[in-house]
file run00.tsv (TSV, C-alpha atoms)
chain	number	residue	atom	x	y	z
H	24	MET	CA	0.00	0.00	0.00
H	25	LEU	CA	2.61	2.53	1.07
H	26	ASN	CA	4.73	1.56	-1.90
H	27	TYR	CA	2.30	3.38	-4.21
H	28	LEU	CA	0.93	5.90	-1.76
H	29	TRP	CA	4.31	7.33	-0.84
H	30	GLY	CA	5.53	7.67	-4.41
H	31	ALA	CA	2.23	9.14	-5.53
H	32	MET	CA	2.27	11.80	-2.80
H	33	ILE	CA	5.70	13.03	-3.90
H	34	LEU	CA	5.00	12.86	-7.64
H	35	ILE	CA	1.63	14.58	-7.33
H	36	GLY	CA	3.21	17.25	-5.14
H	37	ILE	CA	5.93	17.95	-7.70
H	38	ALA	CA	3.46	17.93	-10.61
H	39	VAL	CA	1.10	20.35	-8.83
H	40	ALA	CA	4.03	22.59	-7.88
H	41	ALA	CA	4.90	22.88	-11.57
H	42	PHE	CA	1.42	24.34	-12.17
H	43	THR	CA	1.16	26.53	-9.11
H	44	GLY	CA	4.65	27.91	-9.60
H	45	LYS	CA	5.79	26.69	-6.20
H	46	MET	CA	8.70	24.64	-7.46
H	47	PRO	CA	11.29	26.62	-5.45
H	48	ASP	CA	9.53	25.63	-2.20
H	49	ILE	CA	9.69	21.90	-2.88
H	50	THR	CA	13.37	21.36	-2.12
H	51	ASN	CA	13.17	23.44	1.00
H	52	ALA	CA	10.07	21.55	2.17
H	53	ALA	CA	11.78	18.20	1.65
H	54	ILE	CA	14.83	19.21	3.67
H	55	GLU	CA	12.87	20.91	6.45
H	56	SER	CA	10.46	17.96	6.77
H	57	SER	CA	13.22	15.40	7.09
H	58	LYS	CA	14.84	17.43	9.86
H	59	GLU	CA	11.50	17.75	11.57
H	60	ALA	CA	10.94	14.00	11.52
H	61	VAL	CA	14.14	13.61	13.51
H	62	THR	CA	13.30	16.29	16.10
H	63	THR	CA	9.85	14.74	16.53
H	64	CYS	CA	11.39	11.35	17.15
H	65	ILE	CA	13.74	12.84	19.74
H	66	THR	CA	10.75	14.15	21.69
H	67	MET	CA	9.06	10.79	21.29
H	68	LEU	CA	12.11	8.92	22.59
H	69	GLY	CA	11.60	10.27	26.07
H	70	ILE	CA	7.86	9.84	26.29
H	71	MET	CA	7.80	6.39	24.73
H	72	ALA	CA	10.65	5.19	26.95
H	73	MET	CA	8.74	6.40	30.00
H	74	TRP	CA	5.51	4.71	28.94
H	75	CYS	CA	7.12	1.42	27.91
H	76	GLY	CA	9.09	1.35	31.16
H	77	LEU	CA	5.89	1.76	33.12
H	78	MET	CA	4.20	-0.95	31.09
H	79	GLU	CA	7.10	-3.33	31.70
H	80	ILE	CA	6.42	-3.01	35.44
H	81	ALA	CA	2.75	-3.78	34.76
H	82	GLN	CA	3.85	-6.79	32.73
H	83	ARG	CA	6.25	-8.23	35.32
H	84	SER	CA	3.94	-7.66	38.26
H	85	GLY	CA	1.25	-9.69	36.51
H	86	LEU	CA	-1.08	-6.70	36.26
H	87	ILE	CA	-1.60	-7.17	32.54
H	88	LYS	CA	-2.33	-10.86	33.09
H	89	THR	CA	-4.92	-9.96	35.74
H	90	LEU	CA	-6.60	-7.50	33.39
H	91	THR	CA	-6.69	-10.18	30.70
H	92	VAL	CA	-8.50	-12.57	33.03
H	93	LYS	CA	-10.97	-9.85	34.05
H	94	MET	CA	-11.73	-9.32	30.38
H	95	LYS	CA	-13.17	-12.82	29.97
H	96	PRO	CA	-16.83	-12.30	31.00
H	97	PHE	CA	-17.09	-9.41	28.56
H	98	LEU	CA	-15.62	-11.56	25.78
H	99	LYS	CA	-18.33	-14.16	26.42
H	100	PHE	CA	-20.86	-11.49	25.57
H	101	LEU	CA	-19.03	-10.54	22.37
H	102	PHE	CA	-18.32	-14.08	21.20
H	103	PRO	CA	-21.20	-16.28	22.35
H	104	ASP	CA	-20.39	-19.04	19.86
H	105	VAL	CA	-16.74	-19.48	20.88
H	106	ASP	CA	-16.21	-22.07	23.61
H	107	GLU	CA	-15.11	-20.59	26.92
H	108	LYS	CA	-11.98	-22.76	27.04
H	109	ASN	CA	-10.93	-22.04	23.47
H	110	LYS	CA	-7.43	-20.56	23.18
H	111	ALA	CA	-8.79	-17.93	20.80
H	112	LEU	CA	-10.36	-16.08	23.73
H	113	ASP	CA	-7.01	-15.84	25.53
H	114	CYS	CA	-5.39	-14.41	22.43
H	115	ILE	CA	-8.24	-11.96	21.92
H	116	ALA	CA	-7.97	-10.84	25.56
H	117	THR	CA	-4.22	-10.30	25.21
H	118	ASN	CA	-4.72	-8.37	21.97
H	119	VAL	CA	-7.44	-6.16	23.44
H	120	ILE	CA	-5.55	-5.35	26.66
H	121	ALA	CA	-2.36	-4.59	24.71
H	122	ASN	CA	-4.34	-2.28	22.42
H	123	ILE	CA	-6.03	-0.52	25.32
H	124	LEU	CA	-2.65	0.15	26.95
H	125	GLY	CA	-1.14	1.34	23.68
H	126	LEU	CA	1.27	-1.59	23.22
H	127	GLY	CA	0.69	-1.96	19.51
H	128	TRP	CA	3.69	-4.22	18.89
H	129	ALA	CA	2.41	-6.70	21.50
H	130	ALA	CA	-1.13	-6.50	20.18
H	131	THR	CA	-0.61	-7.56	16.57
H	132	PRO	CA	1.01	-11.01	17.12
H	133	ALA	CA	-1.70	-11.92	19.65
H	134	GLY	CA	-4.37	-10.68	17.26
H	135	ILE	CA	-3.08	-12.78	14.38
H	136	LYS	CA	-2.88	-15.81	16.68
H	137	ALA	CA	-6.50	-15.15	17.66
H	138	MET	CA	-7.54	-15.12	14.00
H	139	GLN	CA	-5.73	-18.41	13.42
H	140	GLU	CA	-7.49	-20.01	16.38
H	141	LEU	CA	-10.84	-18.68	15.15
H	142	GLN	CA	-10.10	-20.04	11.69
H	143	LYS	CA	-9.72	-23.55	13.18
H	144	ILE	CA	-13.35	-23.52	14.31
H	145	ASN	CA	-14.58	-21.68	11.22
H	146	LYS	CA	-16.87	-23.85	9.08
H	147	ASN	CA	-16.30	-22.02	5.81
H	148	LYS	CA	-12.57	-21.33	5.49
H	149	GLU	CA	-12.89	-18.53	2.93
H	150	THR	CA	-15.58	-16.55	4.69
H	151	ALA	CA	-15.13	-14.63	7.91
H	152	SER	CA	-17.04	-16.26	10.76
H	153	ARG	CA	-19.36	-14.39	13.06
H	154	ALA	CA	-16.68	-14.29	15.77
H	155	MET	CA	-14.06	-13.01	13.30
H	156	CYS	CA	-16.26	-10.15	12.15
H	157	MET	CA	-16.89	-9.12	15.74
H	158	PHE	CA	-13.21	-9.37	16.67
H	159	MET	CA	-12.07	-7.35	13.67
H	160	VAL	CA	-14.61	-4.56	14.09
H	161	PHE	CA	-13.97	-4.43	17.84
H	162	ASN	CA	-10.22	-4.27	17.19
H	163	MET	CA	-10.53	-1.57	14.50
H	164	SER	CA	-12.93	0.59	16.50
H	165	SER	CA	-9.82	1.94	18.25
H	166	LEU	CA	-9.24	0.63	21.75
H	167	GLN	CA	-6.19	2.59	22.91
H	168	LEU	CA	-7.27	4.63	25.92
H	169	ILE	CA	-4.27	6.95	26.23
H	170	SER	CA	-2.63	8.02	22.98
H	171	VAL	CA	0.89	8.51	24.25
H	172	ASN	CA	2.26	9.25	20.79
H	173	ILE	CA	-0.27	12.04	20.18
H	174	ILE	CA	0.75	13.61	23.50
H	175	ALA	CA	4.38	13.40	22.41
H	176	TYR	CA	3.62	15.10	19.08
H	177	ARG	CA	1.65	17.85	20.82
H	178	SER	CA	4.49	18.57	23.19
H	179	GLN	CA	6.95	18.63	20.31
H	180	TYR	CA	4.91	21.44	18.73
H	181	ASN	CA	4.84	23.42	21.99
H	182	SER	CA	1.33	22.75	23.18
H	183	ALA	CA	0.61	24.56	26.47
H	184	ASN	CA	-1.08	21.41	27.77
H	185	PRO	CA	-0.23	18.35	25.64
H	186	SER	CA	-2.24	15.93	27.79
H	187	GLU	CA	-5.52	17.87	27.76
H	188	ILE	CA	-6.80	15.58	25.00
H	189	ILE	CA	-6.65	12.40	27.14
H	190	GLY	CA	-10.12	12.81	28.65
H	191	PRO	CA	-11.89	13.65	25.37
H	192	GLY	CA	-9.87	10.85	23.72
H	193	ILE	CA	-11.10	8.26	26.24
H	194	LEU	CA	-14.70	9.38	25.80
H	195	THR	CA	-14.60	9.30	21.98
H	196	THR	CA	-12.77	5.94	21.99
H	197	LEU	CA	-15.57	4.49	24.11
H	198	ILE	CA	-18.17	5.95	21.74
H	199	SER	CA	-16.50	4.52	18.63
H	200	THR	CA	-16.09	1.09	20.27
H	201	ILE	CA	-19.69	0.95	21.47
H	202	ALA	CA	-20.85	2.03	18.00
H	203	GLY	CA	-18.80	-0.77	16.42
H	204	ILE	CA	-20.15	-3.45	18.78
H	205	LEU	CA	-23.75	-2.26	18.35
H	206	PHE	CA	-23.39	-2.27	14.58
H	207	VAL	CA	-22.09	-5.85	14.55
H	208	LYS	CA	-24.73	-7.06	17.02
H	209	ILE	CA	-27.43	-5.61	14.76
H	210	MET	CA	-25.87	-7.18	11.65
H	211	GLU	CA	-25.76	-10.53	13.43
H	212	ILE	CA	-29.53	-10.43	13.88
H	213	PHE	CA	-29.95	-10.25	10.10
H	214	PHE	CA	-27.27	-12.78	9.27
H	215	TYR	CA	-27.72	-15.47	11.86
H	216	LYS	CA	-31.37	-15.55	12.88
H	217	ASN	CA	-32.91	-18.95	12.12
H	218	LYS	CA	-36.61	-19.64	11.61
H	219	LYS	CA	-37.26	-19.91	15.32
H	220	GLY	CA	-35.80	-16.45	15.82
H	221	GLU	CA	-32.72	-17.69	17.68
H	222	LEU	CA	-29.20	-16.70	16.81
H	223	GLN	CA	-27.07	-19.50	15.42
H	224	GLN	CA	-23.49	-19.77	14.28
O	206	MET	CA	-18.12	18.74	30.52
O	207	LYS	CA	-15.16	20.13	32.43
O	208	PHE	CA	-14.72	16.86	34.34
O	209	ILE	CA	-13.40	15.38	31.10
O	210	LEU	CA	-10.52	17.84	31.19
O	211	ALA	CA	-9.97	17.06	34.88
O	212	LEU	CA	-9.72	13.40	33.85
O	213	SER	CA	-6.95	14.41	31.41
O	214	ASP	CA	-4.93	15.83	34.29
O	215	LEU	CA	-5.53	12.92	36.63
O	216	ILE	CA	-5.19	9.81	34.51
O	217	ILE	CA	-1.40	9.70	34.12
O	218	PRO	CA	-0.68	10.24	37.86
O	219	ILE	CA	-3.25	7.54	38.66
O	220	VAL	CA	-1.71	5.08	36.20
O	221	PHE	CA	1.74	5.77	37.66
O	222	SER	CA	0.67	5.29	41.27
O	223	TYR	CA	-1.38	2.20	40.55
O	224	ILE	CA	1.32	0.40	38.57
O	225	ILE	CA	4.09	1.27	41.05
O	226	LEU	CA	2.06	0.21	44.10
O	227	TYR	CA	0.96	-2.96	42.34
O	228	GLY	CA	4.60	-3.67	41.50
O	229	TYR	CA	5.69	-3.23	45.14
O	230	PHE	CA	2.79	-5.37	46.30
O	231	LYS	CA	3.88	-8.18	43.96
O	232	LYS	CA	7.53	-7.67	45.01
O	233	VAL	CA	8.78	-6.81	41.53
O	234	ASP	CA	12.12	-5.05	41.09
O	235	ILE	CA	10.28	-2.12	39.58
O	236	TYR	CA	13.21	0.09	38.75
O	237	GLU	CA	14.97	-2.68	36.88
O	238	ALA	CA	11.73	-3.45	35.03
O	239	PHE	CA	11.25	0.21	34.16
O	240	ALA	CA	14.76	0.53	32.75
O	241	GLN	CA	14.34	-2.60	30.67
O	242	GLY	CA	10.98	-1.48	29.30
O	243	ALA	CA	12.31	2.00	28.56
O	244	LYS	CA	15.07	0.43	26.49
O	245	GLU	CA	12.48	-1.43	24.44
O	246	GLY	CA	10.56	1.83	24.00
O	247	LEU	CA	13.62	3.56	22.62
O	248	LYS	CA	14.10	0.77	20.11
O	249	THR	CA	10.49	1.13	18.94
O	250	VAL	CA	10.91	4.85	18.29
O	251	VAL	CA	14.18	4.35	16.42
O	252	LEU	CA	12.46	1.73	14.26
O	253	ILE	CA	9.73	4.15	13.17
O	254	LEU	CA	12.14	7.00	12.37
O	255	PRO	CA	12.89	5.89	8.77
O	256	THR	CA	9.20	5.69	7.81
O	257	LEU	CA	8.48	8.95	9.58
O	258	VAL	CA	11.23	10.74	7.63
O	259	GLY	CA	9.88	9.30	4.37
O	260	LEU	CA	6.31	10.28	5.02
O	261	MET	CA	6.95	13.69	6.52
O	262	VAL	CA	9.00	14.54	3.44
O	263	ALA	CA	6.15	13.38	1.19
O	264	VAL	CA	3.56	15.39	3.13
O	265	GLY	CA	5.91	18.38	3.25
O	266	ILE	CA	6.21	18.32	-0.54
O	267	LEU	CA	2.43	17.97	-0.92
O	268	ARG	CA	1.89	20.92	1.41
O	269	ALA	CA	4.50	23.13	-0.28
O	270	SER	CA	3.07	22.40	-3.72
O	271	GLY	CA	-0.32	23.75	-2.68
O	272	SER	CA	-2.01	20.36	-3.34
O	273	LEU	CA	-3.48	20.12	0.14
O	274	ASP	CA	-4.93	23.62	-0.11
O	275	ILE	CA	-6.50	22.81	-3.48
O	276	LEU	CA	-8.00	19.62	-2.05
O	277	SER	CA	-9.31	21.51	0.96
O	278	SER	CA	-10.96	24.20	-1.12
O	279	VAL	CA	-12.66	21.57	-3.31
O	280	ILE	CA	-14.11	19.95	-0.22
O	281	GLU	CA	-14.92	23.19	1.58
O	282	PRO	CA	-18.55	23.64	0.35
O	283	PHE	CA	-19.45	20.18	1.70
O	284	SER	CA	-17.50	20.23	4.92
O	285	GLU	CA	-18.66	23.73	5.83
O	286	LYS	CA	-22.30	22.61	5.93
O	287	ILE	CA	-21.62	20.16	8.75
O	288	GLY	CA	-19.10	22.36	10.53
O	289	PHE	CA	-16.18	20.10	9.70
O	290	PRO	CA	-12.85	21.94	9.32
O	291	LYS	CA	-11.84	21.53	5.67
O	292	GLU	CA	-8.15	21.33	6.55
O	293	VAL	CA	-8.79	18.07	8.39
O	294	VAL	CA	-10.47	16.23	5.50
O	295	PRO	CA	-7.26	14.80	3.94
O	296	LEU	CA	-6.20	13.52	7.37
O	297	THR	CA	-9.55	11.82	7.94
O	298	PHE	CA	-9.18	9.72	4.81
O	299	MET	CA	-5.47	9.03	5.22
O	300	ARG	CA	-6.10	7.85	8.77
O	301	LEU	CA	-8.02	4.84	7.43
O	302	ILE	CA	-5.20	3.83	5.09
O	303	SER	CA	-1.86	4.35	6.78
O	304	SER	CA	-0.81	5.13	10.31
O	305	SER	CA	2.54	6.70	9.42
O	306	ALA	CA	1.19	8.74	6.49
O	307	SER	CA	-1.59	10.14	8.70
O	308	THR	CA	1.01	10.97	11.35
O	309	GLY	CA	2.86	12.95	8.69
O	310	ILE	CA	-0.29	14.96	7.91
O	311	LEU	CA	-1.10	15.40	11.61
O	312	LEU	CA	2.33	16.89	12.30
O	313	ASP	CA	1.95	19.14	9.27
O	314	LEU	CA	-1.33	20.45	10.71
O	315	PHE	CA	0.29	20.96	14.13
O	316	LYS	CA	3.06	22.93	12.48
O	317	ASN	CA	0.72	25.14	10.45
O	318	TYR	CA	-2.11	25.73	12.92
O	319	GLY	CA	-0.59	24.78	16.29
O	320	PRO	CA	-1.63	21.88	18.54
O	321	ASP	CA	-3.74	24.22	20.72
O	322	SER	CA	-5.85	25.58	17.86
O	323	PHE	CA	-9.29	24.09	17.28
O	324	ILE	CA	-7.88	22.11	14.35
O	325	GLY	CA	-4.98	20.90	16.50
O	326	ARG	CA	-7.23	19.76	19.33
O	327	PHE	CA	-9.83	18.20	17.05
O	328	THR	CA	-7.22	16.21	15.12
O	329	SER	CA	-5.57	15.09	18.38
O	330	VAL	CA	-8.85	13.71	19.71
O	331	MET	CA	-9.82	12.25	16.35
O	332	MET	CA	-6.51	10.42	15.98
O	333	SER	CA	-7.05	8.93	19.44
O	334	CYS	CA	-10.33	7.26	18.54
O	335	THR	CA	-9.78	6.10	14.96
O	336	GLU	CA	-7.77	3.25	13.48
O	337	THR	CA	-6.03	2.33	10.21
O	338	VAL	CA	-8.91	0.16	9.02
O	339	PHE	CA	-7.65	-0.87	5.59
O	340	TYR	CA	-4.17	-1.77	6.78
O	341	THR	CA	-5.36	-3.73	9.82
O	342	MET	CA	-7.95	-5.63	7.84
O	343	SER	CA	-5.50	-6.70	5.17
O	344	VAL	CA	-2.92	-7.88	7.73
O	345	TYR	CA	-5.35	-9.91	9.85
O	346	PHE	CA	-7.43	-11.46	7.11
O	347	MET	CA	-4.43	-12.21	4.94
O	348	ALA	CA	-2.87	-14.13	7.84
O	349	VAL	CA	-5.74	-16.64	7.72
O	350	LYS	CA	-6.48	-16.40	3.97
O	351	ILE	CA	-10.04	-15.13	4.37
O	352	THR	CA	-11.33	-13.46	1.23
O	353	LYS	CA	-15.01	-12.85	2.08
O	354	THR	CA	-15.03	-10.41	4.94
O	355	ARG	CA	-18.80	-9.79	4.98
O	356	TYR	CA	-19.82	-6.81	7.11
O	357	THR	CA	-16.39	-6.25	8.69
O	358	LEU	CA	-15.37	-3.25	6.57
O	359	ILE	CA	-18.66	-1.40	6.86
O	360	GLY	CA	-18.72	-2.11	10.60
O	361	ALA	CA	-15.21	-0.76	11.08
O	362	LEU	CA	-16.01	2.32	8.99
O	363	ALA	CA	-19.17	2.89	11.03
O	364	ALA	CA	-17.19	2.72	14.27
O	365	ASN	CA	-14.58	5.15	12.93
O	366	PHE	CA	-17.24	7.51	11.60
O	367	ALA	CA	-18.85	7.52	15.05
O	368	GLY	CA	-15.44	8.36	16.50
O	369	VAL	CA	-14.91	11.30	14.13
O	370	ALA	CA	-18.42	12.65	14.76
O	371	ALA	CA	-17.99	12.28	18.53
O	372	SER	CA	-14.62	14.09	18.36
O	373	LEU	CA	-16.14	17.02	16.50
O	374	TRP	CA	-18.98	17.19	19.01
O	375	ILE	CA	-16.82	17.01	22.13
O	376	CYS	CA	-14.29	19.54	20.79
O	377	ASN	CA	-17.10	21.96	19.98
O	378	MET	CA	-18.44	21.51	23.51
O	379	LEU	CA	-15.07	22.04	25.17
O	380	TRP	CA	-13.26	24.52	22.97
O	381	GLY	CA	-15.72	25.60	20.23
call {"tool": "encode", "arguments": {"input": "run00.tsv", "output": "structure tokens"}}
result
Amino acid sequence: MLNYLWGAMILIGIAVAAFTGKMPDITNAAIESSKEAVTTCITMLGIMAMWCGLMEIAQRSGLIKTLTVKMKPFLKFLFPDVDEKNKALDCIATNVIANILGLGWAATPAGIKAMQELQKINKNKETASRAMCMFMVFNMSSLQLISVNIIAYRSQYNSANPSEIIGPGILTTLISTIAGILFVKIMEIFFYKNKKGELQQ
Amino acid sequence: MKFILALSDLIIPIVFSYIILYGYFKKVDIYEAFAQGAKEGLKTVVLILPTLVGLMVAVGILRASGSLDILSSVIEPFSEKIGFPKEVVPLTFMRLISSSASTGILLDLFKNYGPDSFIGRFTSVMMSCTETVFYTMSVYFMAVKITKTRYTLIGALAANFAGVAASLWICNMLWG
């Protein structure tokens, strides 16, 4: 995806500059932007190191594990047709908790493992199962509660209060996640209702 | 509404206290753990630097060429009707496609309008509650070779749309 997107952005920019007569600005913009990427990363180094250090404590003390276990009853509500003892639920819980805490690199492997486990119990191997659709939408509804990177970027550009967006961010994240779950639950009624009016797999 | 801003001030101190006390309670060598985790964090940032340089250069060129302004003015008549800042439209679409490319645009907006402007605050909140739908979907479904994704895409787009709408609403309430 980025292979084309990145090239296209630069080529379109240069082509448009030829028409708007802004060619002299292009070189300057390229040099300035590359420098800025580095200064942004320097700000991020500190904040990300702090956050990851904190999360490592949470990891070693078993706090993350505890949160994962507490997640289970809620997962039963989201995935009624996945057996309680299925490994997929553990992977989903790990993925969700990692996402909530902003540990993206820990979230993806667990998420892919969850999809593989769900695929094992999927009846039609080419079509996403009910549980997969729910997991994917839930995952993509944005779960991260505190966007540490956004705070870092804000502080890099001299915000007077970089963290003021945490509260609104939590609220809107909840709204988008609830909207995603509701949407899928409604779709499930259309897709999985049998003649007796019960939901089936 | 102001309690939401109070939450912003309180959440990080609460997270710190809770994790440190929990660590002591479980007899973890917390300082050692912190240092180790911080090292991993540094590595993560260094790993994203190359893509960030690439994409910030691309966005910088787009901005300097006037392309983003042209795009914004095309969209303006539509976005104005719903009170959506036209400058944010390119970011909204890019957000669904690529995380690093949208970061490039976000930083460009911060630079041009400031993170404490309405645009800066709105984009900050919006980035917090949206996700790179197309990228995530392709990675996860490709891993298990699923080709028929049914209502997943529309569901994810609905969730993200709700997030954008909620961000606009809350920012108008707090800072509008």
call {"tool": "closest_atom_pairs", "arguments": {"input": "run00.tsv", "of": "chain H", "to": "chain O", "cutoff": "6 Å", "atoms": "only C-alpha atoms", "output": "CSV"}}
result
residue,atom,partner,partner_atom,distance
H:Met32,CA,O:Ala263,CA,5.8
H:Ile33,CA,O:Ala263,CA,5.1
H:Gly36,CA,O:Leu267,CA,4.4
H:Val39,CA,O:Ser270,CA,5.8
H:Ala40,CA,O:Ser270,CA,4.3
H:Lys45,CA,O:Ser270,CA,5.7
H:Asp48,CA,O:Ala269,CA,5.9
H:Ile49,CA,O:Ile266,CA,5.5
H:Ala52,CA,O:Gly265,CA,5.3
H:Ala53,CA,O:Val262,CA,4.9
H:Ser56,CA,O:Val262,CA,5.0
H:Ser57,CA,O:Val258,CA,5.1
H:Ala60,CA,O:Val258,CA,5.1
H:Leu68,CA,O:Leu247,CA,5.6
H:Met71,CA,O:Gly246,CA,5.4
H:Ala72,CA,O:Ala243,CA,3.9
H:Met73,CA,O:Ala243,CA,5.8
H:Cys75,CA,O:Gly242,CA,5.0
H:Gly76,CA,O:Phe239,CA,3.9
H:Leu77,CA,O:Phe239,CA,5.7
H:Glu79,CA,O:Gly242,CA,4.9
H:Ile80,CA,O:Ala238,CA,5.3
H:Ala81,CA,O:Ile224,CA,5.8
H:Ser84,CA,O:Gly228,CA,5.2
H:Ile135,CA,O:Tyr345,CA,5.8
H:Gln139,CA,O:Val349,CA,6.0
H:Glu149,CA,O:Ile351,CA,4.7
H:Thr150,CA,O:Lys353,CA,4.6
H:Ala151,CA,O:Thr354,CA,5.2
H:Cys156,CA,O:Thr357,CA,5.2
H:Val160,CA,O:Ala361,CA,4.9
H:Met163,CA,O:Glu336,CA,5.6
H:Ser164,CA,O:Ala364,CA,5.3
H:Ser165,CA,O:Thr335,CA,5.3
H:Ser170,CA,O:Ser333,CA,5.7
H:Arg177,CA,O:Pro320,CA,5.7
H:Ser182,CA,O:Pro320,CA,5.6
H:Glu187,CA,O:Ser213,CA,5.2
H:Ile188,CA,O:Val330,CA,6.0
H:Ile189,CA,O:Ser213,CA,4.7
H:Gly190,CA,O:Ser213,CA,4.5
H:Gly192,CA,O:Val330,CA,5.0
H:Thr195,CA,O:Gly368,CA,5.6
H:Thr196,CA,O:Cys334,CA,4.4
H:Ser199,CA,O:Gly368,CA,4.5
H:Ala202,CA,O:Ala364,CA,5.3
H:Gly203,CA,O:Ala364,CA,4.4
call {"tool": "write_last_selection", "arguments": {"input": "run00.tsv", "atoms": "C-alpha atoms", "output": "PDB file, in the frame of the given file"}}
result
ATOM      1  CA  MET H  32       2.270  11.800  -2.800  1.00  0.00           C
ATOM      2  CA  ILE H  33       5.700  13.030  -3.900  1.00  0.00           C
ATOM      3  CA  GLY H  36       3.210  17.250  -5.140  1.00  0.00           C
ATOM      4  CA  VAL H  39       1.100  20.350  -8.830  1.00  0.00           C
ATOM      5  CA  ALA H  40       4.030  22.590  -7.880  1.00  0.00           C
ATOM      6  CA  LYS H  45       5.790  26.690  -6.200  1.00  0.00           C
ATOM      7  CA  ASP H  48       9.530  25.630  -2.200  1.00  0.00           C
ATOM      8  CA  ILE H  49       9.690  21.900  -2.880  1.00  0.00           C
ATOM      9  CA  ALA H  52      10.070  21.550   2.170  1.00  0.00           C
ATOM     10  CA  ALA H  53      11.780  18.200   1.650  1.00  0.00           C
ATOM     11  CA  SER H  56      10.460  17.960   6.770  1.00  0.00           C
ATOM     12  CA  SER H  57      13.220  15.400   7.090  1.00  0.00           C
ATOM     13  CA  ALA H  60      10.940  14.000  11.520  1.00  0.00           C
ATOM     14  CA  LEU H  68      12.110   8.920  22.590  1.00  0.00           C
ATOM     15  CA  MET H  71       7.800   6.390  24.730  1.00  0.00           C
ATOM     16  CA  ALA H  72      10.650   5.190  26.950  1.00  0.00           C
ATOM     17  CA  MET H  73       8.740   6.400  30.000  1.00  0.00           C
ATOM     18  CA  CYS H  75       7.120   1.420  27.910  1.00  0.00           C
ATOM     19  CA  GLY H  76       9.090   1.350  31.160  1.00  0.00           C
ATOM     20  CA  LEU H  77       5.890   1.760  33.120  1.00  0.00           C
ATOM     21  CA  GLU H  79       7.100  -3.330  31.700  1.00  0.00           C
ATOM     22  CA  ILE H  80       6.420  -3.010  35.440  1.00  0.00           C
ATOM     23  CA  ALA H  81       2.750  -3.780  34.760  1.00  0.00           C
ATOM     24  CA  SER H  84       3.940  -7.660  38.260  1.00  0.00           C
ATOM     25  CA  ILE H 135      -3.080 -12.780  14.380  1.00  0.00           C
ATOM     26  CA  GLN H 139      -5.730 -18.410  13.420  1.00  0.00           C
ATOM     27  CA  GLU H 149     -12.890 -18.530   2.930  1.00  0.00           C
ATOM     28  CA  THR H 150     -15.580 -16.550   4.690  1.00  0.00           C
ATOM     29  CA  ALA H 151     -15.130 -14.630   7.910  1.00  0.00           C
ATOM     30  CA  CYS H 156     -16.260 -10.150  12.150  1.00  0.00           C
ATOM     31  CA  VAL H 160     -14.610  -4.560  14.090  1.00  0.00           C
ATOM     32  CA  MET H 163     -10.530  -1.570  14.500  1.00  0.00           C
ATOM     33  CA  SER H 164     -12.930   0.590  16.500  1.00  0.00           C
ATOM     34  CA  SER H 165      -9.820   1.940  18.250  1.00  0.00           C
ATOM     35  CA  SER H 170      -2.630   8.020  22.980  1.00  0.00           C
ATOM     36  CA  ARG H 177       1.650  17.850  20.820  1.00  0.00           C
ATOM     37  CA  SER H 182       1.330  22.750  23.180  1.00  0.00           C
ATOM     38  CA  GLU H 187      -5.520  17.870  27.760  1.00  0.00           C
ATOM     39  CA  ILE H 188      -6.800  15.580  25.000  1.00  0.00           C
ATOM     40  CA  ILE H 189      -6.650  12.400  27.140  1.00  0.00           C
ATOM     41  CA  GLY H 190     -10.120  12.810  28.650  1.00  0.00           C
ATOM     42  CA  GLY H 192      -9.870  10.850  23.720  1.00  0.00           C
ATOM     43  CA  THR H 195     -14.600   9.300  21.980  1.00  0.00           C
ATOM     44  CA  THR H 196     -12.770   5.940  21.990  1.00  0.00           C
ATOM     45  CA  SER H 199     -16.500   4.520  18.630  1.00  0.00           C
ATOM     46  CA  ALA H 202     -20.850   2.030  18.000  1.00  0.00           C
ATOM     47  CA  GLY H 203     -18.800  -0.770  16.420  1.00  0.00           C
TER      48      GLY H 203
END
call {"tool": "residues_around", "arguments": {"input": "run00.tsv", "residues": "Glu292 of chain O", "least_positions_apart": "4", "cutoff": "10 Å", "atoms": "all atoms listed in the file", "output": "PyMOL selection string"}}
result
chain O and resi 273-274+276-278+280-281+284+296-297+314+318+324
call {"tool": "write_last_selection", "arguments": {"input": "run00.tsv", "atoms": "C-alpha atoms", "output": "mmCIF file, keeping the file's coordinate frame"}}
result
data_model
loop_
_atom_site.group_PDB
_atom_site.id
_atom_site.type_symbol
_atom_site.label_atom_id
_atom_site.label_comp_id
_atom_site.auth_asym_id
_atom_site.auth_seq_id
_atom_site.Cartn_x
_atom_site.Cartn_y
_atom_site.Cartn_z
ATOM 1 C CA LEU O 273 -3.480 20.120 0.140
ATOM 2 C CA ASP O 274 -4.930 23.620 -0.110
ATOM 3 C CA LEU O 276 -8.000 19.620 -2.050
ATOM 4 C CA SER O 277 -9.310 21.510 0.960
ATOM 5 C CA SER O 278 -10.960 24.200 -1.120
ATOM 6 C CA ILE O 280 -14.110 19.950 -0.220
ATOM 7 C CA GLU O 281 -14.920 23.190 1.580
ATOM 8 C CA SER O 284 -17.500 20.230 4.920
ATOM 9 C CA LEU O 296 -6.200 13.520 7.370
ATOM 10 C CA THR O 297 -9.550 11.820 7.940
ATOM 11 C CA LEU O 314 -1.330 20.450 10.710
ATOM 12 C CA TYR O 318 -2.110 25.730 12.920
ATOM 13 C CA ILE O 324 -7.880 22.110 14.350
#
call {"tool": "atom_distance", "arguments": {"input": "run00.tsv", "atom1": "atom CA of Met157 of chain H", "atom2": "atom CA of Pro96 of chain H"}}
result
15.6 Å
call {"tool": "atom_distance", "arguments": {"input": "run00.tsv", "atom1": "atom CA of Glu211 of chain H", "atom2": "atom CA of Leu168 of chain H"}}
result
27.0 Å
